[in-house]
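Novice: Have a look at this one before I ask anything.
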Amino acid sequence: MRITRRLEFDAGHRIPDHASQCRHLHGHRYALEVTLSGDIIKADGVPVNGMVMDFADVKRIANEYVVGPWDHAFLAYRGDHPVLDMLAAIPGHKTVVLDVVPTAENLAAEAFRILDPAYRDTYGNHLRLERVRLYETPNCWADALRD
């Protein structure tokens with residue numbers, strides 16, 4: 001069985017080498033979809049009976065590891081020194097420094113890497129992360145999939 005939970009957050013970024021508008025500082029209302037697979041739990045009297053995972057737990061974990069840290073932050077590439085220097089001059093600015101350029105593709109892959117161990121077999125029902133879909137806009141998204 002597969003289940004999916006969608007969460008939304010706002011963040012800024014820039015793609016330093018982009019040939020068009022995305023090289024400028026800007027932001028998005030991102031949507032993150034987390035898809036998990038696992039066995040349906042069959043255990044009378046247990047709160048998760050009939051579920052793969054409680055959707056509230058899916059949300060809690062995604063919020064703890066990705067959505068919370070990235071929400072209302074500027075997602076910056078470690079090699080983007082002009083932007084990092086500027087943001088460092090703002091006291092208390094919420095900046096997430098990434099080892100990759102913050103494209104939709106790289107952010108989806110990074111979210112998958114972060115979330116994969118957090119969900120793994122949480123309920124003893126072979127639970128595992130299958131896909132992270134990151135919408136940069138309503139019409140553009142990237143999927144990071146389990147190999």
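Chains: A, B, ... in order of the structure tokens. Residues: from 1 per chain. Ligands: from 1, in order shown.
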Write out as a PDB file with N, CA and C atoms, in the first residue's frame which residues come within 9 Å of Arg6 in chain A when counting only C-alpha atoms, dropping same-chain ones fewer than 4 positions away.

Specialist:
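Contents of part20.pdb, as written:
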```
ATOM      1  N   ALA A  31       5.316  23.084  -2.424  1.00  0.00           N
ATOM      2  CA  ALA A  31       4.493  22.004  -1.877  1.00  0.00           C
ATOM      3  C   ALA A  31       5.350  20.742  -1.912  1.00  0.00           C
ATOM      4  N   LEU A  32       5.337  20.026  -0.811  1.00  0.00           N
ATOM      5  CA  LEU A  32       6.123  18.809  -0.661  1.00  0.00           C
ATOM      6  C   LEU A  32       5.167  17.647  -0.468  1.00  0.00           C
ATOM      7  N   GLU A  33       5.263  16.643  -1.325  1.00  0.00           N
ATOM      8  CA  GLU A  33       4.473  15.432  -1.161  1.00  0.00           C
ATOM      9  C   GLU A  33       5.399  14.293  -0.771  1.00  0.00           C
ATOM     10  N   VAL A  34       5.037  13.618   0.310  1.00  0.00           N
ATOM     11  CA  VAL A  34       5.805  12.495   0.831  1.00  0.00           C
ATOM     12  C   VAL A  34       4.974  11.237   0.600  1.00  0.00           C
ATOM     13  N   THR A  35       5.509  10.293  -0.178  1.00  0.00           N
ATOM     14  CA  THR A  35       4.818   9.032  -0.448  1.00  0.00           C
ATOM     15  C   THR A  35       5.569   7.898   0.232  1.00  0.00           C
ATOM     16  N   LYS A  59       3.116  13.916   8.743  1.00  0.00           N
ATOM     17  CA  LYS A  59       3.277  15.371   8.799  1.00  0.00           C
ATOM     18  C   LYS A  59       4.308  15.776   9.852  1.00  0.00           C
TER      19      LYS A  59
END
```

Novice: So which residues touch range 100-116 of chain A within 10 Å, counting only C-alpha atoms, skipping near sequence neighbours fewer than 2 positions away, as a PyMOL selection string?

Specialist: chain A and resi 12-17+22+30+32-34+36+61-62+64-67+74-80+97-98+118-120+128-137+140-146

Novice: I'd like to know which of A:Ala73, A:Ala56, A:Ile3, A:Met86 is closest to Ile40 in chain A, using only C-alpha atoms.

Specialist: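 Smallest separation from Ile40 in chain A among the options: A:Ile3.
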
Novice: Using only C-alpha atoms, can you tell me which of A:Asn139, A:Thr4, A:Asn49, A:Thr95 comes closest to Ser37 in chain A?

Specialist: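 The answer is A:Thr4, which sits nearest to Ser37 in chain A.
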
Novice: Using the chain letters and numbers from this document, which residues of chain A does DSSP assign to helix (DSSP H, G or I), as a VMD selection string?

Specialist: chain A and resid 21 to 23 55 to 70 81 to 88 104 to 119

Novice: Compile the contact shell of Lys42 in chain A as a list in words: residues with an atom at most 12 Å away, counting only C-alpha atoms, same-chain residues fewer than 2 positions apart removed.

Specialist: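 After dropping sequence-adjacent residues, the list is Asp39, Ile40, Asp44, Gly45, Val46, Pro47, Val48, Asn49, Gly50, Met51, Val52, Met53, Tyr123, Gly124 and Asn125 of chain A.
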
Novice: Have a look at A:Phe55, A:His81, A:Ala11, A:Gln21 and name the one nearest to Pro69 in chain A; count only C-alpha atoms.

Specialist: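 Checking each candidate against Pro69 in chain A, we get A:Ala11 as the closest.
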
Novice: Taking the DSSP secondary structure from the backbone, can you list the residues of range 16-138 of chain A that are strand (DSSP E or B), as a count of residues only?

Specialist: 31

Novice: Given the choices A:Ala88, A:Ile41, A:Pro138, A:Pro82, which gets closest to His28 in chain A if the distance is worked out from only C-alpha atoms?

Specialist: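 Answer, going by the shortest atom-to-atom distance: A:Pro138.
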
Novice: Please measure the separation of CA of Leu87 in chain A and CA of Ser20 in chain A, giving the value in Å to one decimal.

Specialist: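 Separation of CA of Leu87 in chain A and CA of Ser20 in chain A: 22.3 Å.
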
Novice: Nearest to Met1 in chain A among A:Arg29, A:His126, A:Ala43, A:Ile90, with distances taken over only C-alpha atoms: which residue is it?

Specialist: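 Of the candidates, the smallest distance to Met1 in chain A is held by A:His126.
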